[in-house]
Structure formats: structure tokens, C-alpha cells
>>> print(open('query-v7.pdb').read())   # PDB, C-alpha atoms
ATOM      1  CA  MET G  41      10.519  -9.491 -25.474
ATOM      2  CA  ASP G  42      11.739  -6.762 -27.870
ATOM      3  CA  ASP G  43      15.134  -5.415 -26.857
ATOM      4  CA  LEU G  44      14.896  -6.046 -23.128
ATOM      5  CA  PRO G  45      18.446  -6.343 -21.787
ATOM      6  CA  ASP G  46      19.434  -9.876 -20.798
ATOM      7  CA  LEU G  47      20.217  -8.667 -17.283
ATOM      8  CA  VAL G  48      16.636  -7.513 -16.729
ATOM      9  CA  ALA G  49      15.104 -10.462 -18.566
ATOM     10  CA  GLY G  50      17.045 -12.732 -16.235
ATOM     11  CA  TRP G  51      15.396 -11.174 -13.186
ATOM     12  CA  ILE G  52      11.865 -12.008 -14.276
ATOM     13  CA  GLY G  53      10.068 -14.587 -12.160
ATOM     14  CA  LYS G  54      12.581 -15.058  -9.389
ATOM     15  CA  PRO G  55      13.298 -13.332  -6.060
ATOM     16  CA  VAL G  56      16.069 -10.862  -6.812
ATOM     17  CA  ILE G  57      15.983  -8.856  -3.601
ATOM     18  CA  VAL G  58      15.255 -10.424  -0.212
ATOM     19  CA  VAL G  59      14.770  -8.354   2.921
ATOM     20  CA  ASP G  60      14.612 -10.485   6.044
ATOM     21  CA  HIS G  61      13.716  -9.394   9.560
ATOM     22  CA  VAL G  62      14.883  -5.797   9.519
ATOM     23  CA  ILE G  63      12.571  -4.770  12.327
ATOM     24  CA  THR G  64      10.367  -6.401  14.940
ATOM     25  CA  VAL G  65       6.655  -5.664  14.737
ATOM     26  CA  GLU G  66       5.770  -3.599  17.801
ATOM     27  CA  ARG G  67       2.594  -1.898  18.902
ATOM     28  CA  GLY G  68       4.436   1.346  19.679
ATOM     29  CA  LEU G  69       5.634   1.585  16.075
ATOM     30  CA  TRP G  70       2.279   0.873  14.488
ATOM     31  CA  ALA G  71       0.572   3.269  16.921
ATOM     32  CA  ASN G  72       2.487   6.085  15.204
ATOM     33  CA  PHE G  73       0.974   5.021  11.887
ATOM     34  CA  CYS G  74      -2.523   4.869  13.408
ATOM     35  CA  VAL G  75      -2.027   8.366  14.797
ATOM     36  CA  ALA G  76      -0.944   9.643  11.382
ATOM     37  CA  VAL G  77      -4.057   8.317   9.639
ATOM     38  CA  GLN G  78      -6.275   8.768  12.700
ATOM     39  CA  ASP G  79      -7.373   5.139  12.712
ATOM     40  CA  GLY G  80      -9.076   4.148  15.963
ATOM     41  CA  ASN G  81      -9.778   0.517  15.025
ATOM     42  CA  PRO G  82      -9.726  -1.253  18.417
ATOM     43  CA  LEU G  83      -7.908  -4.230  16.907
ATOM     44  CA  TYR G  84      -4.810  -2.023  16.724
ATOM     45  CA  TRP G  85      -5.252  -0.297  20.076
ATOM     46  CA  THR G  86      -7.253  -2.219  22.651
ATOM     47  CA  TYR G  87      -6.086  -5.543  23.969
ATOM     48  CA  ALA G  88      -9.468  -6.532  25.431
ATOM     49  CA  ALA G  89     -11.411  -5.739  22.262
ATOM     50  CA  ALA G  90      -8.828  -7.374  20.035
ATOM     51  CA  GLU G  91      -8.633 -10.518  22.150
ATOM     52  CA  ALA G  92     -12.217 -11.445  21.374
ATOM     53  CA  LEU G  93     -11.820 -11.091  17.606
ATOM     54  CA  THR G  94      -8.211 -11.752  16.696
ATOM     55  CA  GLY G  95      -6.658 -13.188  19.841
ATOM     56  CA  SER G  96      -4.342 -10.207  20.319
ATOM     57  CA  VAL G  97      -3.801  -6.715  19.010
ATOM     58  CA  ILE G  98      -2.635  -6.762  15.421
ATOM     59  CA  ALA G  99      -0.665  -4.351  13.261
ATOM     60  CA  PRO G 100      -2.695  -2.385  10.693
ATOM     61  CA  PRO G 101      -2.677  -4.702   7.664
ATOM     62  CA  ALA G 102      -2.156  -1.773   5.288
ATOM     63  CA  MET G 103       1.194  -1.206   6.983
ATOM     64  CA  LEU G 104       2.553  -4.618   5.942
ATOM     65  CA  PRO G 105       5.204  -3.324   3.487
ATOM     66  CA  SER G 106       6.644  -0.987   6.115
ATOM     67  CA  TRP G 107       8.006  -3.917   8.105
ATOM     68  CA  ALA G 108      10.376  -4.789   5.277
ATOM     69  CA  ILE G 109      12.049  -1.429   4.751
ATOM     70  CA  GLU G 110      15.649  -1.413   5.896
ATOM     71  CA  HIS G 111      16.755   0.961   8.620
ATOM     72  CA  ASP G 112      18.023   4.174   7.095
ATOM     73  CA  TRP G 113      21.097   3.973   9.300
ATOM     74  CA  LEU G 114      22.816   1.209  11.230
ATOM     75  CA  PRO G 115      25.969   1.248  13.333
ATOM     76  CA  ASP G 116      28.961  -0.152  11.492
ATOM     77  CA  ARG G 117      27.101  -0.799   8.242
ATOM     78  CA  ALA G 118      29.592  -0.823   5.394
ATOM     79  CA  THR G 119      27.159  -0.530   2.491
ATOM     80  CA  PRO G 120      24.233   1.823   1.905
ATOM     81  CA  ALA G 121      20.763   0.678   2.925
ATOM     82  CA  LEU G 122      18.629  -0.913   0.253
ATOM     83  CA  ARG G 123      16.213   1.644  -1.123
ATOM     84  CA  THR G 124      12.495   1.155  -0.623
ATOM     85  CA  LEU G 125      11.572  -1.308  -3.355
ATOM     86  CA  GLU G 126      15.193  -1.733  -4.413
ATOM     87  CA  LEU G 127      14.282  -3.941  -7.373
ATOM     88  CA  HIS G 128      12.364  -1.080  -8.973
ATOM     89  CA  PHE G 129      15.466   1.109  -8.889
ATOM     90  CA  MET G 130      17.581  -1.749 -10.272
ATOM     91  CA  VAL G 131      15.193  -2.165 -13.216
ATOM     92  CA  LYS G 132      15.058   1.553 -13.861
ATOM     93  CA  ASP G 133      18.833   1.893 -13.736
ATOM     94  CA  ALA G 134      19.441  -1.178 -15.895
ATOM     95  CA  LEU G 135      17.062   0.200 -18.525
ATOM     96  CA  GLY G 136      18.731   3.617 -18.381
ATOM     97  CA  ILE G 137      15.464   5.317 -17.466
ATOM     98  CA  THR G 138      15.513   8.532 -15.436
ATOM     99  CA  HIS G 139      12.110   8.802 -13.790
ATOM    100  CA  GLY G 140       9.792   6.324 -12.150
ATOM    101  CA  LEU G 141       6.448   6.361 -10.420
ATOM    102  CA  VAL G 142       3.936   3.985  -8.893
ATOM    103  CA  ARG G 143       0.730   3.819 -10.893
ATOM    104  CA  GLU G 144      -1.225   1.202  -9.016
ATOM    105  CA  VAL G 145      -0.816  -0.889  -5.887
ATOM    106  CA  GLU G 146      -2.617  -4.043  -4.832
ATOM    107  CA  LEU G 147      -2.297  -5.568  -1.386
ATOM    108  CA  VAL G 148      -3.577  -9.091  -0.818
ATOM    109  CA  LEU G 149      -3.668  -9.626   2.919
ATOM    110  CA  HIS G 150      -3.339 -12.965   4.651
ATOM    111  CA  GLU G 151      -2.162 -13.679   8.224
ATOM    112  CA  PRO G 152      -2.142 -10.503  10.341
ATOM    113  CA  LEU G 153       1.074  -9.438  12.051
ATOM    114  CA  ARG G 154       1.237  -9.420  15.834
ATOM    115  CA  PRO G 155       3.698  -8.004  18.359
ATOM    116  CA  GLY G 156       7.003  -9.855  18.101
ATOM    117  CA  ASP G 157       6.501 -10.925  14.487
ATOM    118  CA  SER G 158       8.823 -10.015  11.644
ATOM    119  CA  VAL G 159       8.648 -10.543   7.916
ATOM    120  CA  ARG G 160      10.788 -11.826   5.095
ATOM    121  CA  ALA G 161      10.049 -10.014   1.865
ATOM    122  CA  GLU G 162      10.973 -11.259  -1.597
ATOM    123  CA  GLN G 163      10.865  -8.787  -4.492
ATOM    124  CA  ILE G 164      10.044 -10.489  -7.795
ATOM    125  CA  LEU G 165       9.907  -8.838 -11.210
ATOM    126  CA  ARG G 166       6.850 -10.212 -13.021
ATOM    127  CA  SER G 167       6.908  -8.436 -16.367
ATOM    128  CA  VAL G 168       8.361  -5.533 -18.343
ATOM    129  CA  SER G 169       6.510  -3.941 -21.248
ATOM    130  CA  PRO G 170       8.039  -2.986 -24.564
ATOM    131  CA  VAL G 171       9.045   0.655 -24.944
ATOM    132  CA  HIS G 172       5.975   2.822 -25.407
ATOM    133  CA  ASP G 173       4.956   6.467 -25.362
ATOM    134  CA  THR G 174       3.138   7.901 -22.355
ATOM    135  CA  ARG G 175       1.932  11.407 -21.652
ATOM    136  CA  LEU G 176       5.005  11.831 -19.442
ATOM    137  CA  GLY G 177       7.455  10.633 -22.039
ATOM    138  CA  ARG G 178       8.823   7.504 -23.659
ATOM    139  CA  GLY G 179       9.356   4.591 -21.318
ATOM    140  CA  ARG G 180       8.341   1.157 -20.122
ATOM    141  CA  SER G 181       5.968  -0.247 -17.535
ATOM    142  CA  TRP G 182       6.829  -3.075 -15.204
ATOM    143  CA  VAL G 183       5.175  -5.108 -12.469
ATOM    144  CA  ILE G 184       6.835  -6.158  -9.228
ATOM    145  CA  ASP G 185       5.400  -8.533  -6.632
ATOM    146  CA  VAL G 186       6.622  -8.438  -3.049
ATOM    147  CA  VAL G 187       5.805 -11.606  -1.108
ATOM    148  CA  TYR G 188       5.773 -11.229   2.675
ATOM    149  CA  ARG G 189       6.111 -14.235   4.965
ATOM    150  CA  LYS G 190       6.373 -14.655   8.705
ATOM    151  CA  PRO G 191       9.409 -16.445  10.141
ATOM    152  CA  ASP G 192       7.431 -19.713  10.265
ATOM    153  CA  GLY G 193       6.708 -19.419   6.543
ATOM    154  CA  GLN G 194       3.082 -18.347   6.877
ATOM    155  CA  LEU G 195       2.010 -15.993   4.122
ATOM    156  CA  ALA G 196       1.356 -12.489   5.496
ATOM    157  CA  GLY G 197       0.510 -10.873   2.177
ATOM    158  CA  ILE G 198       1.466 -10.052  -1.374
ATOM    159  CA  GLN G 199       1.941  -6.538  -2.690
ATOM    160  CA  THR G 200       1.756  -6.004  -6.440
ATOM    161  CA  LEU G 201       3.078  -2.718  -7.799
ATOM    162  CA  HIS G 202       2.474  -1.432 -11.309
ATOM    163  CA  LEU G 203       5.267   1.001 -12.098
ATOM    164  CA  LEU G 204       6.097   3.333 -14.934
ATOM    165  CA  GLY G 205       9.596   4.391 -15.913
ATOM    166  CA  TYR G 206       9.972   7.218 -18.409
ATOM    167  CA  ASP G 207      12.279   9.829 -19.831
ATOM    168  CA  LYS G 208      10.892  13.281 -20.327
ATOM    169  CA  PRO G 209      10.928  14.563 -23.882
ATOM    170  CA  PRO G 210      13.489  17.386 -24.301
ATOM    171  CA  ALA G 211      10.867  20.143 -24.476
ATOM    172  CA  HIS G 212       9.096  18.878 -21.384
ATOM    173  CA  ASP G 213      11.284  19.966 -18.506
ATOM    174  CA  LYS G 214       8.783  19.572 -15.691
ATOM    175  CA  ALA G 215       8.979  16.202 -13.970
ATOM    176  CA  HIS G 216       5.919  14.754 -12.337
ATOM    177  CA  ASP G 217       7.633  12.503  -9.926
ATOM    178  CA  LYS G 218      10.957  11.011  -9.225
ATOM    179  CA  GLU G 219      10.487   7.797  -7.319
ATOM    180  CA  PRO G 220       7.694   5.575  -6.029
ATOM    181  CA  HIS G 221       5.057   7.187  -3.884
TER
ATOM    182  CA  MET T 287     -22.990  -4.567  11.003
ATOM    183  CA  ASP T 288     -25.459  -7.149   9.731
ATOM    184  CA  ALA T 289     -24.132  -8.342   6.378
ATOM    185  CA  ARG T 290     -27.610  -9.524   5.375
ATOM    186  CA  SER T 291     -28.584  -5.871   4.914
ATOM    187  CA  LEU T 292     -25.817  -5.143   2.405
ATOM    188  CA  LYS T 293     -26.736  -4.751  -1.249
ATOM    189  CA  VAL T 294     -25.023  -3.679  -4.438
ATOM    190  CA  GLY T 295     -25.398   0.067  -4.881
ATOM    191  CA  LEU T 296     -25.476   0.869  -1.180
ATOM    192  CA  PRO T 297     -23.247   3.916  -0.571
ATOM    193  CA  LEU T 298     -20.783   4.245   2.254
ATOM    194  CA  PRO T 299     -20.953   7.469   4.274
ATOM    195  CA  ASP T 300     -18.921  10.317   2.811
ATOM    196  CA  VAL T 301     -15.930  11.367   4.884
ATOM    197  CA  VAL T 302     -13.687  14.413   4.533
ATOM    198  CA  VAL T 303     -10.081  14.155   5.702
ATOM    199  CA  PRO T 304      -8.233  17.465   5.992
ATOM    200  CA  VAL T 305      -4.691  16.656   4.895
ATOM    201  CA  THR T 306      -1.998  18.636   6.623
ATOM    202  CA  ARG T 307       1.733  18.817   6.106
ATOM    203  CA  LYS T 308       2.046  17.109   9.472
ATOM    204  CA  MET T 309      -0.169  14.197   8.379
ATOM    205  CA  ILE T 310       1.880  13.610   5.226
ATOM    206  CA  ILE T 311       5.186  13.680   7.091
ATOM    207  CA  MET T 312       3.870  11.602   9.998
ATOM    208  CA  GLY T 313       2.458   9.035   7.587
ATOM    209  CA  ALA T 314       5.706   8.743   5.661
ATOM    210  CA  THR T 315       7.793   8.553   8.812
ATOM    211  CA  ALA T 316       5.533   6.057  10.582
ATOM    212  CA  SER T 317       5.511   3.860   7.488
ATOM    213  CA  ARG T 318       9.326   4.104   7.417
ATOM    214  CA  ASP T 319       9.388   5.699   3.979
ATOM    215  CA  TRP T 320      12.312   8.100   3.723
ATOM    216  CA  GLN T 321      11.853   9.186   0.117
ATOM    217  CA  PRO T 322      12.467  12.962   0.141
ATOM    218  CA  GLN T 323       9.351  13.915  -1.846
ATOM    219  CA  HIS T 324       7.336  13.027   1.262
ATOM    220  CA  HIS T 325       9.090  15.425   3.631
ATOM    221  CA  ASP T 326      11.280  17.874   1.686
ATOM    222  CA  PRO T 327       9.306  20.582  -0.176
ATOM    223  CA  GLU T 328      12.345  21.867  -2.037
ATOM    224  CA  HIS T 329      13.184  18.410  -3.324
ATOM    225  CA  ALA T 330       9.553  17.850  -4.314
ATOM    226  CA  ARG T 331       9.387  21.124  -6.246
ATOM    227  CA  LYS T 332      12.645  20.365  -8.042
ATOM    228  CA  ALA T 333      11.019  17.115  -9.169
ATOM    229  CA  GLY T 334       8.158  19.115 -10.647
ATOM    230  CA  LEU T 335       5.675  18.458  -7.856
ATOM    231  CA  PRO T 336       3.618  21.255  -6.314
ATOM    232  CA  ASP T 337       4.734  20.346  -2.771
ATOM    233  CA  ILE T 338       5.463  17.248  -0.712
ATOM    234  CA  ILE T 339       3.079  14.403  -1.591
ATOM    235  CA  MET T 340       1.354  11.730   0.477
ATOM    236  CA  ASN T 341       3.029   8.324   0.080
ATOM    237  CA  ASN T 342       1.196   5.219  -1.028
ATOM    238  CA  TYR T 343       1.384   3.599   2.426
ATOM    239  CA  THR T 344      -0.439   6.520   4.045
ATOM    240  CA  GLN T 345      -3.049   6.414   1.299
ATOM    241  CA  ALA T 346      -3.499   2.684   1.949
ATOM    242  CA  GLY T 347      -3.875   3.429   5.658
ATOM    243  CA  LEU T 348      -6.513   6.107   5.069
ATOM    244  CA  ILE T 349      -8.491   3.920   2.662
ATOM    245  CA  SER T 350      -8.339   1.030   5.114
ATOM    246  CA  ARG T 351      -9.541   3.318   7.897
ATOM    247  CA  TYR T 352     -12.407   4.552   5.699
ATOM    248  CA  VAL T 353     -13.551   0.968   5.092
ATOM    249  CA  THR T 354     -13.234  -0.349   8.642
ATOM    250  CA  ASP T 355     -14.717   2.792  10.224
ATOM    251  CA  TRP T 356     -17.784   1.821   8.205
ATOM    252  CA  SER T 357     -17.674  -1.959   8.677
ATOM    253  CA  GLY T 358     -16.505  -2.043  12.269
ATOM    254  CA  PRO T 359     -13.569  -4.130  13.489
ATOM    255  CA  GLU T 360     -15.144  -7.416  12.396
ATOM    256  CA  GLY T 361     -14.580  -6.344   8.806
ATOM    257  CA  ARG T 362     -11.402  -7.986   7.565
ATOM    258  CA  ILE T 363      -9.902  -6.546   4.399
ATOM    259  CA  GLY T 364      -8.523  -9.246   2.154
ATOM    260  CA  ARG T 365      -7.641  -7.224  -0.898
ATOM    261  CA  LEU T 366      -7.014  -3.531  -1.421
ATOM    262  CA  ARG T 367      -6.202  -2.110  -4.829
ATOM    263  CA  PHE T 368      -5.688   1.567  -5.538
ATOM    264  CA  ALA T 369      -4.482   3.764  -8.376
ATOM    265  CA  MET T 370      -2.950   7.156  -7.642
ATOM    266  CA  ARG T 371      -3.922   9.564 -10.387
ATOM    267  CA  ARG T 372      -2.871  12.894  -8.913
ATOM    268  CA  PRO T 373      -0.665  13.751  -5.933
ATOM    269  CA  ILE T 374      -2.186  14.559  -2.554
ATOM    270  CA  CYS T 375      -0.466  17.614  -1.081
ATOM    271  CA  PRO T 376      -0.746  19.629   2.154
ATOM    272  CA  ALA T 377      -3.893  21.701   2.749
ATOM    273  CA  ALA T 378      -6.053  19.390   0.628
ATOM    274  CA  ASP T 379      -9.475  18.340   1.849
ATOM    275  CA  VAL T 380      -9.788  14.773   0.621
ATOM    276  CA  HIS T 381     -13.382  13.635   0.140
ATOM    277  CA  PHE T 382     -13.870   9.891   0.479
ATOM    278  CA  SER T 383     -16.913   8.238  -1.030
ATOM    279  CA  GLY T 384     -17.689   4.601  -1.639
ATOM    280  CA  MET T 385     -20.281   2.188  -2.921
ATOM    281  CA  ILE T 386     -20.836  -1.548  -2.637
ATOM    282  CA  VAL T 387     -20.321  -3.159  -6.034
ATOM    283  CA  ASP T 388     -20.517  -6.835  -5.091
ATOM    284  CA  VAL T 389     -21.858  -8.971  -2.243
ATOM    285  CA  ALA T 390     -21.204 -12.699  -2.192
ATOM    286  CA  SER T 391     -22.173 -15.000   0.651
ATOM    287  CA  HIS T 392     -23.896 -17.980  -0.921
ATOM    288  CA  GLY T 393     -22.172 -21.240  -0.107
ATOM    289  CA  HIS T 394     -19.507 -19.587   1.995
ATOM    290  CA  PRO T 395     -19.257 -19.112   5.747
ATOM    291  CA  LEU T 396     -18.241 -15.487   5.208
ATOM    292  CA  CYS T 397     -19.887 -12.614   3.399
ATOM    293  CA  TRP T 398     -17.474 -11.036   0.906
ATOM    294  CA  VAL T 399     -18.176  -7.417   0.075
ATOM    295  CA  GLU T 400     -16.474  -5.402  -2.630
ATOM    296  CA  VAL T 401     -16.453  -1.636  -2.338
ATOM    297  CA  ASP T 402     -15.383   0.926  -4.932
ATOM    298  CA  ILE T 403     -13.920   4.067  -3.390
ATOM    299  CA  GLU T 404     -13.034   7.487  -4.754
ATOM    300  CA  LEU T 405     -10.801  10.115  -3.195
ATOM    301  CA  LYS T 406     -11.404  13.595  -4.538
ATOM    302  CA  CYS T 407      -9.814  16.982  -3.958
ATOM    303  CA  GLN T 408     -11.811  19.952  -5.190
ATOM    304  CA  ASP T 409     -13.982  17.645  -7.300
ATOM    305  CA  ARG T 410     -10.969  16.100  -9.039
ATOM    306  CA  VAL T 411     -10.353  12.404  -8.543
ATOM    307  CA  VAL T 412      -6.935  11.885  -6.996
ATOM    308  CA  THR T 413      -7.130   8.166  -6.180
ATOM    309  CA  THR T 414      -9.498   5.331  -6.993
ATOM    310  CA  ALA T 415      -9.611   2.141  -4.951
ATOM    311  CA  THR T 416     -11.375  -1.161  -4.584
ATOM    312  CA  ALA T 417     -11.485  -3.002  -1.270
ATOM    313  CA  ARG T 418     -12.681  -6.568  -0.809
ATOM    314  CA  LEU T 419     -13.525  -7.361   2.778
ATOM    315  CA  ALA T 420     -15.081 -10.231   4.654
ATOM    316  CA  LEU T 421     -17.787  -9.973   7.302
ATOM    317  CA  PRO T 422     -19.629 -12.594   9.337
ATOM    318  CA  ARG T 423     -22.443 -13.894   7.124
ATOM    319  CA  GLU T 424     -25.001 -13.123   9.813
ATOM    320  CA  PRO T 425     -24.952 -12.052  13.469
ATOM    321  CA  GLY T 426     -23.344 -14.766  15.540
ATOM    322  CA  ALA T 427     -21.677 -16.413  12.522
ATOM    323  CA  PRO T 428     -17.932 -17.069  12.669
ATOM    324  CA  SER T 429     -15.725 -13.984  12.446
ATOM    325  CA  PRO T 430     -13.475 -13.693   9.395
ATOM    326  CA  TRP T 431     -10.619 -13.135  11.812
ATOM    327  CA  ARG T 432     -11.093 -16.737  12.989
ATOM    328  CA  CYS T 433     -10.889 -18.098   9.467
ATOM    329  CA  SER T 434      -8.088 -20.656   9.077
ATOM    330  CA  PRO T 435      -5.292 -19.759   6.654
ATOM    331  CA  ALA T 436      -6.409 -22.613   4.420
ATOM    332  CA  ASP T 437      -9.928 -21.207   4.187
ATOM    333  CA  TRP T 438      -8.934 -17.540   3.840
ATOM    334  CA  LYS T 439      -9.211 -16.832   0.113
ATOM    335  CA  PRO T 440      -9.102 -13.080  -0.439
TER
END
>>> encode(input="query-v7.pdb", output="C-alpha cells")
Amino acid sequence: MDDLPDLVAGWIGKPVIVVDHVITVERGLWANFCVAVQDGNPLYWTYAAAEALTGSVIAPPAMLPSWAIEHDWLPDRATPALRTLELHFMVKDALGITHGLVREVELVLHEPLRPGDSVRAEQILRSVSPVHDTRLGRGRSWVIDVVYRKPDGQLAGIQTLHLLGYDKPPAHDKAHDKEPH
Amino acid sequence: MDARSLKVGLPLPDVVVPVTRKMIIMGATASRDWQPQHHDPEHARKAGLPDIIMNNYTQAGLISRYVTDWSGPEGRIGRLRFAMRRPICPAADVHFSGMIVDVASHGHPLCWVEVDIELKCQDRVVTTATARLALPREPGAPSPWRCSPADWKP
């Protein structure tokens, strides 16, 4: 693949970053998300209604990736927290690219998360494009999969992110974005 | 919802979501996304953005809500794909519209419905999405939520 650095080429196809059980899935936490997006789906709120359909209340499936974001602060932590989608930043840095943004996201949803669950998330680089010109500047595109599993190994979902990394041309001094949405 | 009444071309009801600064910050915080462009206007402007922007998790949550408000809780989303074309900022009225583009139930205990969705602000498309969700094939048929992991093929 053109002049892709060996370091980045070596990441393709394998889990490079693993985030495991950083937070327990709790109804009180997902209720905040439901409030933010004003989602009254009874499966997230009402035990009696949820029992009949899903057996218990479940976390909003769209919130799946949130359960694998490290705490921003922890007592006695010696190293900085991993950034959201750390592998994206690693790719961008290794390629010497300044700006990055999320172009497209796909969530494939499997087993719903319930109170007391947690997830293990593996970030896998799938592909990196050759250098190409975009309307934002010269850069590369890459695809990262994040595979989420419950502690018993059941698949909770797969998130696929299509990302763009670019450097602004010298005359273009107005950035569109800095990091993933 | 009776899946037997669903046909390609059937529109979903339009919905308008007034986006506030509070919604964007609440969405980012509740989804545990601490990237500064979702809560710090000065940082966002330095990055060339007009203001703070809604994060992708909040957009996923709003699209999911749009679909299941229509389908009811028996609708189980199996696949949600969306492309963010322009940022969503405070004080935007986001117009959601959708249309069924595929219905498949033959030979399967579930009815799979694919819906194309557009989010517009002031007549400009900001996000496009496609959701694939499962519904009971007919009233009284097994719920997609009771589908075994082996049979769940989103």
C-alpha cells in the first residue's frame, strides 16, 4: 500500500487498543442520555413494559460506544486516559496528519445491554487509503471497527467508523474540525 | 404497528427537534464524550467551527428515537448508518424526515424494514442515515427482542 509506514501497516487487522470494563451499565447513567435526546422509549424507562418485550429494561442501543470510554479522571492513575477512539489518534499521529474528522458511522447492534453489564471493546484498523486530495486538504482516509462484547463473550455490537485525516493547504487557514464528532 | 401495512415509499412522520446548547452539552456529557468541541465554544471557534457541535453519539440517539417513536418499542434496530455532512450547532431546528426503502419478510419470522432518513437545518442536509429495524411479521408473531442471538442477523 503506497508509502504507508510499517508501524501503521502492522496495525491493520488486529486489535490494537482494548478497553475492558471501564464502567458498569446502569439505568441512572443511560437515563441522562435519554433525557438529552428526549427519548421516552419504555424499554429504557419502564420495568413493567420492558419486562414483557425484553425481559428487563435495556440501555439505549445507540449508546453502546459510550460504555467503552475511559473515565476522564481516576484516583491514583499514573498515565493519561485513553482518548475516545484512541486508535484513530494513533493513526493520525503516526501519519503526521494534523486534523481528523468522522465522515460516517455504522452501528450493527446485537445483544442489548442490561443493568450490571459491561463491555470489552477492541479497536481494529481495517484499512488506510493512499494519500489523496480532499476539499479540506491533502490526506488519507481510514476505517476503524470497534467490536463490543459482554463479559461472557456475547457480541453486543460492532461500530464501523470512516475517518478522514487531512492537512490544510497553506492558504486555507480555517479548520473544519479537529477530532471525531 | 402492523408490519403487513408497510410498503416501500411510505413516509415516516416529519419531526422537528429544536437543538439547544443544553441538548448538545447534555448529549455529549451523557454519552461520556469529553471532546472540547462539544462543550467549549471558544475551542470550537478556534478549530474553525461556528460554535459547539453535536457529537455523533447524540445524533445516533436522536435518529434512533425518531425511528422507534414511529415503530413503537417492538421495533428493534439492527443496523444504523449515518453520514454527518455539516455540523449541528445550537439554535438549529433539525427537521427529520424518513421513508421506507425496503421491506423484507418472506421466509423469515421477522419483518425487516429499511428506512432512509434525512436531517435538515434550514433546508440544508446536515446528516443522512439509514436504519434497518425488525418488527414482528404480523400481530401476535414473535417479537424481534425474543430472537435468539443465533437467529439475529442484522
>>> interface_residues(input="query-v7.pdb", of="chain T", to="chain G", cutoff="6 Å", atoms="only C-alpha atoms", output="MDAnalysis selection string")
chainID T and resid 309 312:313 316:318 333:335 341:342 346:348 351 364:370 431
>>> resolve_selection(input="query-v7.pdb", expression="the PyMOL selection byres ((chain T and resi 340) around 10)", output="number ranges by chain")
G: 221; T: 305-307, 309-314, 323-325, 337-339, 341-345, 373-376
>>> closest_residue(input="query-v7.pdb", among="G:Pro170, G:Pro115, G:Pro155, G:Gly68", to="Pro45 (chain G)", atoms="all atoms listed in the file")
G:Pro170
>>> axis_aligned_box(input="query-v7.pdb", around="region 374-383 of chain T", padding_each_side="4 Å", output="lines of an AutoDock Vina configuration file")
center_x = -8.7
center_y = 15.0
center_z = 0.1
size_x = 24.4
size_y = 21.5
size_z = 13.3
>>> atom_distance(input="query-v7.pdb", atom1="CA of Pro440 (chain T)", atom2="CA of Ala289 (chain T)")
17.2 Å
>>> residues_around(input="query-v7.pdb", residues="Gly361 (chain T)", least_positions_apart="4", cutoff="7 Å", atoms="only C-alpha atoms", output="MDAnalysis selection string")
chainID T and resid 354 357 419:421
>>> residues_around(input="query-v7.pdb", residues="Glu400 (chain T)", least_positions_apart="4", cutoff="7 Å", atoms="all atoms listed in the file", output="MDAnalysis selection string")
chainID T and resid 386:389 416:419
>>> write_last_selection(input="query-v7.pdb", atoms="C-alpha atoms", output="short mmCIF file (atom, residue, chain, number, x, y, z; two decimals), in the frame of the given file")
data_model
loop_
_atom_site.label_atom_id
_atom_site.label_comp_id
_atom_site.auth_asym_id
_atom_site.auth_seq_id
_atom_site.Cartn_x
_atom_site.Cartn_y
_atom_site.Cartn_z
CA ILE T 386 -20.84 -1.55 -2.64
CA VAL T 387 -20.32 -3.16 -6.03
CA ASP T 388 -20.52 -6.84 -5.09
CA VAL T 389 -21.86 -8.97 -2.24
CA THR T 416 -11.38 -1.16 -4.58
CA ALA T 417 -11.48 -3.00 -1.27
CA ARG T 418 -12.68 -6.57 -0.81
CA LEU T 419 -13.52 -7.36 2.78
#
>>> resolve_selection(input="query-v7.pdb", expression="the PyMOL selection byres ((chain T and resi 301) around 7)", output="short mmCIF file (atom, residue, chain, number, x, y, z; two decimals) with C-alpha atoms, in the frame of the given file")
data_model
loop_
_atom_site.label_atom_id
_atom_site.label_comp_id
_atom_site.auth_asym_id
_atom_site.auth_seq_id
_atom_site.Cartn_x
_atom_site.Cartn_y
_atom_site.Cartn_z
CA PRO T 299 -20.95 7.47 4.27
CA ASP T 300 -18.92 10.32 2.81
CA VAL T 302 -13.69 14.41 4.53
CA VAL T 303 -10.08 14.16 5.70
CA HIS T 381 -13.38 13.64 0.14
CA PHE T 382 -13.87 9.89 0.48
CA SER T 383 -16.91 8.24 -1.03
#
>>> atom_distance(input="query-v7.pdb", atom1="CA of Asp157 (chain G)", atom2="CA of Ile63 (chain G)")
8.9 Å
>>> build_atoms(input="query-v7.pdb", residues="region 302-314 of chain T", atoms="N, CA and C atoms", output="compact mmCIF listing (two decimals), keeping the file's coordinate frame")
# COMPACT_ATOMS: atom_id res chain seq x y z
N VAL T 302 -14.68 13.44 4.99
CA VAL T 302 -13.69 14.41 4.53
C VAL T 302 -12.48 14.35 5.48
N VAL T 303 -11.32 14.19 4.91
CA VAL T 303 -10.08 14.16 5.70
C VAL T 303 -9.25 15.39 5.34
N PRO T 304 -9.11 16.32 6.27
CA PRO T 304 -8.23 17.46 5.99
C PRO T 304 -6.77 17.01 6.06
N VAL T 305 -6.09 17.12 4.95
CA VAL T 305 -4.69 16.66 4.89
C VAL T 305 -3.77 17.81 5.23
N THR T 306 -2.96 17.61 6.22
CA THR T 306 -2.00 18.64 6.62
C THR T 306 -0.58 18.19 6.27
N ARG T 307 0.31 19.14 6.30
CA ARG T 307 1.73 18.82 6.11
C ARG T 307 2.18 17.81 7.17
N LYS T 308 1.69 18.03 8.38
CA LYS T 308 2.05 17.11 9.47
C LYS T 308 1.56 15.69 9.18
N MET T 309 0.35 15.55 8.67
CA MET T 309 -0.17 14.20 8.38
C MET T 309 0.69 13.50 7.33
N ILE T 310 1.08 14.23 6.29
CA ILE T 310 1.88 13.61 5.23
C ILE T 310 3.24 13.16 5.76
N ILE T 311 3.86 14.03 6.57
CA ILE T 311 5.19 13.68 7.09
C ILE T 311 5.08 12.58 8.15
N MET T 312 4.07 12.67 9.00
CA MET T 312 3.87 11.60 10.00
C MET T 312 3.61 10.27 9.32
N GLY T 313 2.77 10.28 8.28
CA GLY T 313 2.46 9.04 7.59
C GLY T 313 3.69 8.42 6.95
N ALA T 314 4.49 9.26 6.30
CA ALA T 314 5.71 8.74 5.66
C ALA T 314 6.69 8.22 6.70
